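**Student:** Just dropping this structure here.
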Amino acid sequence: MMLERVYLFYRDGFRSMRLGKTLWKIILIKLFILFAVIKWLFFPDYLHTRFATDEERANHVLENLIPSQNP
Amino acid sequence: MLEQIDVTMVDWARGQFAMTAMFHWIFVPLTLGLSFLLAFFESLYVKTGNEQWKKITKFWMRLFAVNFAIGIATGIILEFEFGTNWSNYSWMVGDIFGAPLAIEGIFAFFIEATFFAVMFFGWDRVSKKFHLFSTWMVAVGSNLSALWILVANGWMQYPVGMKFNADTARFEMQNFWEVVSSPVAIGHFTHATSSGFLLASLFVVSVSSWFMLKKRHVEMAKKSIMVAAVFGLISSLFVAFTGDESAYTAAHKQPMKLAAIEGLYQGEQGCALCAVGVLRPDMKPGEDEDPYIFAVKVPYVLSILANRNPESFVPGINDLVYGNPARNIVGVNDMMVQGKTAIEQLALYKQARANGDESAAAEALAKFEPVSGYLGYGYLNSPEEAVPPVALNFYSFRIMVGLGTLFPLLFLAFLFFTYRNTLTEKRWLLMTGVIALFLGYVAQEAGWVVAEVGRQPWAIQGLLPVTVARSNLTTATVQTTFFMFLVLFTTLLLAEVRIMLKQIHIGPEVD
């Protein structure tokens with residue numbers, strides 16, 4: 001009963017939106033561009049795509065922290 | 001690997017991050033402040049039962065929704081950039097940032113899924129008091145959400161409550177409360193949120209002034225101005241107070257930032273504050289000439305700001321870079337020696353671990369730990385590299401403070417003429433009110449320039465310079481995404497302005 005009331009609250013709320021519909025379209029388009037295009041194509045996680053384990057990632061970062069001219 | 005650093009890539013990545021953060025900060029302060037103004041308007045409605053306050057609340061709520069919808073998720077782009085452009089940094093701080101950012105994410109989700117829905121859908125469907133409670137919860141929740149982001153930012157500016165793990169190359173949290181209650185984090189949170197209140201007040205004053213100039217919705221505009229001007233005035237005073245606290249904190253935790261903000265090269269006792277000035281563009285650390293071409297100084301004020309004592313000594317860039325034994329100031333040149341020892345011992349530790357020589361590893365670690373706090377200085381090629389861009393800090397700070405001084409006067413003028421009931425006749429003031437919103441945004445962005453450019457060259461103060469924090473990417477890769485974001489952000493901003501203007505044009509008549 002309670003769940004049904006909550007469901008109806010959200011359903012009717014979404015249905016009665018006017019400006020909200022435009023704003024939701026913008027939000028959804030934006031999220032699609034951000035996650036399905038930009039993140040996927042242009043912003044892979046550098047360490048996770050190049051190294052399989054945390055140990056390899058830590059090693060890579062440590063190599064960057066230790067300049068090769070030092071012992 | 002450091003000799004292969006692509007400095008151009010670092011600069012493009014910094015530019016991209018700055019652009020994203022500044023764009024994100026167009027939306028955030030308005031959300032933070034307008035949420036409280038909505039709560040004030042609605043409280044007046046519930047208290048008085050006057051339907052006009054309800055209409056006013058609903059109108060500003062529409063504009064709040066536009067700003068929120070366009071701004072939502074723009075901060076996520078910063079996280080994309082961390083993982084791609086700043087992978088060394090991202091890896092190293094994962095343990096520190098994990099907790100605050102997770103709390104922020106969970107917090108934001110629950111507030112948006114519950115109280116936002118009640119605030120927008122709940123008119124006439126829940127009781128007046130529960131609706132008002134939801135509006136207040138949105139305001140409080142949005143601002144608390146900002147706390148966690150600024151805790152993370154504060155930690156970068158003044159890292160506390162952690163220890164570097166030489167095996168995992170990560171900073172591990174040792175004391176959560178020390179991280180959360182860091183004076184820099186608290187200073188940033190209070191200053192950033194109160195400046196958001198101020199900006200939102202300017203927004204309401206600006207739009208209402210436009211209505212009054214056009215002689216539309218005049219009563220609603222007057223009522224809105226009355227509330228926003230009071231909130232704006234109180235916020236302005238709080239911004240000044242928290243700004244003063246931030247200067248005090250910077251003097252003790254980030255003295256180089258304060259010196260750069262002031263263009264102060266030679267430390268002084270009883271130090272004056274440069275209120276207005278022009279810096280010599282060719283001034284360099286190590287020179288002892290007057291850094292100003294022209295300056296209007298207020299005696300003793302910088303000493304008071306920095307130490308609450310008019311006679312106290314405020315160190316300049318030269319003191320901090322080269323040291324000042326008479327004042328017990330250790331220079332960057334000395335810290336670089338410690339930093340290089342830290343790097344050397346870290347290398348020995350790694351090598352010993354790889355060779356399975358545990359006693360050599362323990363010895364190297366024992367030598368590394370006492371100097372690990374200077375790690376970042378070991379990557380500098382010269383002590384002068386520890387100086388942030390002085391001119392950019394100096395002028396940005398004066399723009400921020402100059403405009404911040406004008407705003408309370410503006411709010412006072414609006415309150416005075418509202419009280420005299422002559423506001424509609426004061427077209428000069430209404431026109432100033434319209435323009436003030438843009439000045440508010442300029443002040444906001446200038447504030448972030450001071451906060452973030454002032455901590456350069458560090459990604460994490462003293463521990464990690466931006467040149468080491470980056471990923472091994474090519475310049476072209478970052479350039480491509482830089483321009484892609486520029487197009488995306490411009491499109492979103494145009495959409496926001498267009499929808500906002502349309503809603504303002506429609507006015508409060510339509511729900």
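We name chains A, B, ... following the order of the structure tokens; residues begin at 1 in each chain, and ligands are numbered from 1 as shown.
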Find the spatial neighbours of Val28 (chain B), counting only C-alpha atoms, within a cut-off of 8 Å - ignore same-chain residues fewer than 4 positions away - and output them as an MDAnalysis selection string.

**Tutor:** chainID B and resid 24 32 71 196

**Student:** Can you write out the residues you just picked, keeping N, CA and C atoms, as a short mmCIF file (atom, residue, chain, number, x, y, z; two decimals), in the first residue's frame?

**Tutor:**
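As written to disk, again-v8.cif reads:
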```cif
data_model
loop_
_atom_site.label_atom_id
_atom_site.label_comp_id
_atom_site.auth_asym_id
_atom_site.auth_seq_id
_atom_site.Cartn_x
_atom_site.Cartn_y
_atom_site.Cartn_z
N HIS B 24 31.84 24.18 -14.08
CA HIS B 24 31.05 23.53 -13.03
C HIS B 24 30.63 24.57 -11.98
N LEU B 32 23.53 26.14 -4.47
CA LEU B 32 23.73 26.21 -3.02
C LEU B 32 22.92 27.35 -2.39
N GLY B 71 23.32 21.89 -14.78
CA GLY B 71 24.59 21.74 -14.05
C GLY B 71 24.87 20.33 -13.58
N GLY B 196 28.29 31.32 -2.39
CA GLY B 196 27.15 30.83 -3.17
C GLY B 196 25.85 31.49 -2.75
#
```

**Student:** Excluding Pro44 (chain A) and residues on its chain fewer than 2 positions from it, collect all residues at most 10 Å away from it, counting only C-alpha atoms, and give them as JSON, numbers by chain.

**Tutor:** {"A": [38, 39, 40, 41, 42, 46, 47, 48, 49, 50], "B": [80, 81, 83, 84, 85]}

**Student:** Go ahead and write the residues just picked, C-alpha atoms, as a JSON list (two decimals), in the first residue's frame.

**Tutor:**
```json
[["chain", "number", "residue", "atom", "x", "y", "z"],
["A", 38, "ILE", "CA", 33.00, 10.87, -23.86],
["A", 39, "LYS", "CA", 33.86, 8.49, -21.03],
["A", 40, "TRP", "CA", 33.87, 5.40, -23.19],
["A", 41, "LEU", "CA", 35.74, 6.80, -26.20],
["A", 42, "PHE", "CA", 37.95, 9.53, -24.80],
["A", 46, "TYR", "CA", 44.55, 5.23, -17.71],
["A", 47, "LEU", "CA", 45.81, 2.72, -15.16],
["A", 48, "HIS", "CA", 42.92, 0.25, -15.43],
["A", 49, "THR", "CA", 43.15, -0.02, -19.21],
["A", 50, "ARG", "CA", 46.92, -0.53, -19.22],
["B", 80, "PHE", "CA", 36.95, 11.49, -15.78],
["B", 81, "GLU", "CA", 39.92, 13.82, -16.03],
["B", 83, "GLY", "CA", 41.42, 8.96, -14.14],
["B", 84, "THR", "CA", 42.71, 9.79, -17.60],
["B", 85, "ASN", "CA", 44.94, 12.86, -17.40]]
```

**Student:** Would you pick out the contacts of region 205-213 of chain B at 6 Å or less, using only C-alpha atoms, so that residues sharing its chain but fewer than 5 positions from it are not included, and give the list as a ChimeraX atom specification?

**Tutor:** /B:218,221,225,430,433-434,437

**Student:** Residues of the last selection are to be written out with all heavy atoms, as a compact mmCIF listing (two decimals), in the first residue's frame.

**Tutor:**
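Generated file (out_5.txt):
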```txt
# COMPACT_ATOMS: atom_id res chain seq x y z
N VAL B 218 5.71 43.44 -10.47
CA VAL B 218 6.44 44.36 -9.59
C VAL B 218 6.33 43.94 -8.12
O VAL B 218 7.32 43.96 -7.39
CB VAL B 218 5.93 45.80 -9.80
CG1 VAL B 218 6.55 46.75 -8.77
CG2 VAL B 218 6.28 46.27 -11.21
N ALA B 221 8.48 41.00 -7.48
CA ALA B 221 9.89 41.41 -7.53
C ALA B 221 10.30 42.11 -6.25
O ALA B 221 11.38 41.84 -5.70
CB ALA B 221 10.12 42.31 -8.74
N ILE B 225 13.13 40.80 -3.75
CA ILE B 225 14.32 41.63 -3.45
C ILE B 225 14.48 41.79 -1.94
O ILE B 225 15.60 41.73 -1.42
CB ILE B 225 14.20 43.00 -4.15
CG1 ILE B 225 14.53 42.85 -5.64
CG2 ILE B 225 15.13 44.03 -3.51
CD1 ILE B 225 14.34 44.10 -6.46
N LEU B 430 18.28 49.76 -10.22
CA LEU B 430 17.75 48.53 -10.81
C LEU B 430 18.66 48.03 -11.93
O LEU B 430 18.90 46.82 -12.08
CB LEU B 430 16.33 48.77 -11.34
CG LEU B 430 15.29 49.12 -10.26
CD1 LEU B 430 13.97 49.54 -10.90
CD2 LEU B 430 15.07 47.93 -9.32
N GLY B 433 21.54 46.53 -10.41
CA GLY B 433 21.14 45.21 -9.89
C GLY B 433 21.19 44.15 -10.97
O GLY B 433 21.62 43.02 -10.73
N VAL B 434 20.74 44.48 -12.18
CA VAL B 434 20.76 43.51 -13.29
C VAL B 434 22.21 43.12 -13.61
O VAL B 434 22.54 41.94 -13.73
CB VAL B 434 20.06 44.11 -14.54
CG1 VAL B 434 20.23 43.18 -15.74
CG2 VAL B 434 18.59 44.34 -14.28
N LEU B 437 24.70 40.61 -11.26
CA LEU B 437 24.79 39.15 -11.34
C LEU B 437 26.07 38.73 -12.08
O LEU B 437 26.77 37.82 -11.68
CB LEU B 437 23.56 38.58 -12.04
CG LEU B 437 23.59 37.07 -12.29
CD1 LEU B 437 23.67 36.30 -10.98
CD2 LEU B 437 22.39 36.61 -13.09
```

**Student:** Which residues are near Phe14 (chain A)? Cut-off 10 Å, only C-alpha atoms, ignore same chain within fewer than 4 positions. Put them as a PyMOL selection string.

**Tutor:** (chain A and resi 8-10+18+20-21+24) or (chain B and resi 117+120-121)

**Student:** Taking N, CA, C and O atoms for each residue, export the selection above as a PDB file, in the first residue's frame.

**Tutor:**
```pdb
ATOM      1  N   LEU A   8       2.733   5.926  -7.144  1.00  0.00           N
ATOM      2  CA  LEU A   8       1.777   6.854  -7.759  1.00  0.00           C
ATOM      3  C   LEU A   8       2.253   8.306  -7.640  1.00  0.00           C
ATOM      4  O   LEU A   8       2.062   9.110  -8.550  1.00  0.00           O
ATOM      5  N   PHE A   9       2.889   8.597  -6.514  1.00  0.00           N
ATOM      6  CA  PHE A   9       3.411   9.949  -6.293  1.00  0.00           C
ATOM      7  C   PHE A   9       4.422  10.318  -7.392  1.00  0.00           C
ATOM      8  O   PHE A   9       4.336  11.364  -8.019  1.00  0.00           O
ATOM      9  N   TYR A  10       5.366   9.394  -7.612  1.00  0.00           N
ATOM     10  CA  TYR A  10       6.388   9.648  -8.634  1.00  0.00           C
ATOM     11  C   TYR A  10       5.776   9.640 -10.034  1.00  0.00           C
ATOM     12  O   TYR A  10       6.082  10.488 -10.866  1.00  0.00           O
ATOM     13  N   ARG A  18       5.929  19.850 -17.040  1.00  0.00           N
ATOM     14  CA  ARG A  18       5.942  20.567 -18.321  1.00  0.00           C
ATOM     15  C   ARG A  18       7.375  20.996 -18.643  1.00  0.00           C
ATOM     16  O   ARG A  18       8.019  20.408 -19.480  1.00  0.00           O
ATOM     17  N   GLY A  20       9.738  20.417 -16.740  1.00  0.00           N
ATOM     18  CA  GLY A  20      10.521  19.264 -16.287  1.00  0.00           C
ATOM     19  C   GLY A  20      10.824  18.285 -17.409  1.00  0.00           C
ATOM     20  O   GLY A  20      11.901  17.688 -17.435  1.00  0.00           O
ATOM     21  N   LYS A  21       9.877  18.122 -18.358  1.00  0.00           N
ATOM     22  CA  LYS A  21      10.106  17.173 -19.464  1.00  0.00           C
ATOM     23  C   LYS A  21      11.312  17.615 -20.295  1.00  0.00           C
ATOM     24  O   LYS A  21      12.157  16.815 -20.662  1.00  0.00           O
ATOM     25  N   TRP A  24      14.449  17.020 -18.239  1.00  0.00           N
ATOM     26  CA  TRP A  24      14.830  15.603 -18.200  1.00  0.00           C
ATOM     27  C   TRP A  24      15.460  15.160 -19.520  1.00  0.00           C
ATOM     28  O   TRP A  24      16.404  14.381 -19.521  1.00  0.00           O
TER      29      TRP A  24
ATOM     30  N   ALA B 117      12.173  15.245  -5.107  1.00  0.00           N
ATOM     31  CA  ALA B 117      10.900  14.815  -5.701  1.00  0.00           C
ATOM     32  C   ALA B 117       9.724  15.446  -4.966  1.00  0.00           C
ATOM     33  O   ALA B 117       8.779  15.938  -5.597  1.00  0.00           O
ATOM     34  N   PHE B 120       9.458  19.192  -5.862  1.00  0.00           N
ATOM     35  CA  PHE B 120       8.920  19.535  -7.185  1.00  0.00           C
ATOM     36  C   PHE B 120       7.528  18.943  -7.439  1.00  0.00           C
ATOM     37  O   PHE B 120       6.694  19.563  -8.074  1.00  0.00           O
ATOM     38  N   PHE B 121       7.297  17.709  -6.957  1.00  0.00           N
ATOM     39  CA  PHE B 121       6.021  17.037  -7.259  1.00  0.00           C
ATOM     40  C   PHE B 121       4.995  17.173  -6.132  1.00  0.00           C
ATOM     41  O   PHE B 121       3.822  16.838  -6.317  1.00  0.00           O
TER      42      PHE B 121
END
```

**Student:** Could you please select, counting only C-alpha atoms, the residues of chain B within 7 Å of chain A and state them as a compact mmCIF listing (two decimals) with N, CA and C atoms, in the first residue's frame?

**Tutor:**
```
# COMPACT_ATOMS: atom_id res chain seq x y z
N MET B 1 61.85 8.24 -15.33
CA MET B 1 60.77 8.59 -16.25
C MET B 1 60.51 10.09 -16.30
N LEU B 2 60.95 10.78 -15.26
CA LEU B 2 60.60 12.20 -15.19
C LEU B 2 61.19 13.02 -16.32
N VAL B 66 16.02 24.61 -13.60
CA VAL B 66 16.78 24.78 -14.86
C VAL B 66 18.28 24.71 -14.56
N ALA B 69 19.31 21.17 -13.50
CA ALA B 69 19.30 20.17 -14.59
C ALA B 69 20.49 20.37 -15.52
N ILE B 70 20.81 21.62 -15.84
CA ILE B 70 21.93 21.85 -16.76
C ILE B 70 23.26 21.56 -16.05
N PHE B 80 36.41 12.11 -14.55
CA PHE B 80 36.95 11.49 -15.78
C PHE B 80 38.39 11.94 -15.98
N GLY B 83 41.04 10.32 -13.75
CA GLY B 83 41.42 8.96 -14.14
C GLY B 83 42.25 8.90 -15.41
N THR B 84 42.01 9.85 -16.31
CA THR B 84 42.71 9.79 -17.60
C THR B 84 43.97 10.66 -17.62
N SER B 87 46.48 10.27 -13.75
CA SER B 87 46.36 8.92 -13.18
C SER B 87 47.29 8.69 -11.99
N ASN B 88 48.49 9.27 -12.01
CA ASN B 88 49.39 9.08 -10.86
C ASN B 88 48.75 9.68 -9.61
N PHE B 121 7.30 17.71 -6.96
CA PHE B 121 6.02 17.04 -7.26
C PHE B 121 5.00 17.17 -6.13
N THR B 168 52.42 0.44 -1.94
CA THR B 168 51.27 0.63 -2.85
C THR B 168 51.31 1.97 -3.57
N ALA B 169 52.23 2.84 -3.19
CA ALA B 169 52.33 4.20 -3.75
C ALA B 169 51.05 4.99 -3.51
N ILE B 343 63.17 10.70 -2.37
CA ILE B 343 63.05 9.96 -3.64
C ILE B 343 64.13 8.87 -3.72
N GLU B 344 65.33 9.24 -3.30
CA GLU B 344 66.45 8.30 -3.34
C GLU B 344 66.16 7.08 -2.46
N ALA B 347 63.54 4.87 -3.94
CA ALA B 347 64.11 4.03 -5.01
C ALA B 347 64.87 2.85 -4.41
N LEU B 348 65.65 3.11 -3.36
CA LEU B 348 66.41 2.03 -2.71
C LEU B 348 65.46 1.00 -2.09
```

**Student:** What does the distance between CA of Phe411 (chain B) and CA of Val230 (chain B) come to in Å, to one decimal place?

**Tutor:**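 Distance between the two atoms: 7.3 Å.
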
**Student:** In Å, how far is it from CA of Tyr292 (chain B) to CA of Val278 (chain B)?

**Tutor:**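 Between CA of Tyr292 (chain B) and CA of Val278 (chain B) the gap is 5.7 Å.
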
**Student:** Find the residues near Glu369 (chain B): any atom within 8 Å, counting only C-alpha atoms, skip ones fewer than 4 places away on the same chain, and give them as a ChimeraX atom specification.

**Tutor:** /B:342,365,373

**Student:** Write out as a VMD selection string all residues of region 54-300 of chain B that backbone DSSP assigns to strand (DSSP E).

**Tutor:** chain B and resid 162 to 165 170 to 173 268 to 269 273 to 279 292 to 298
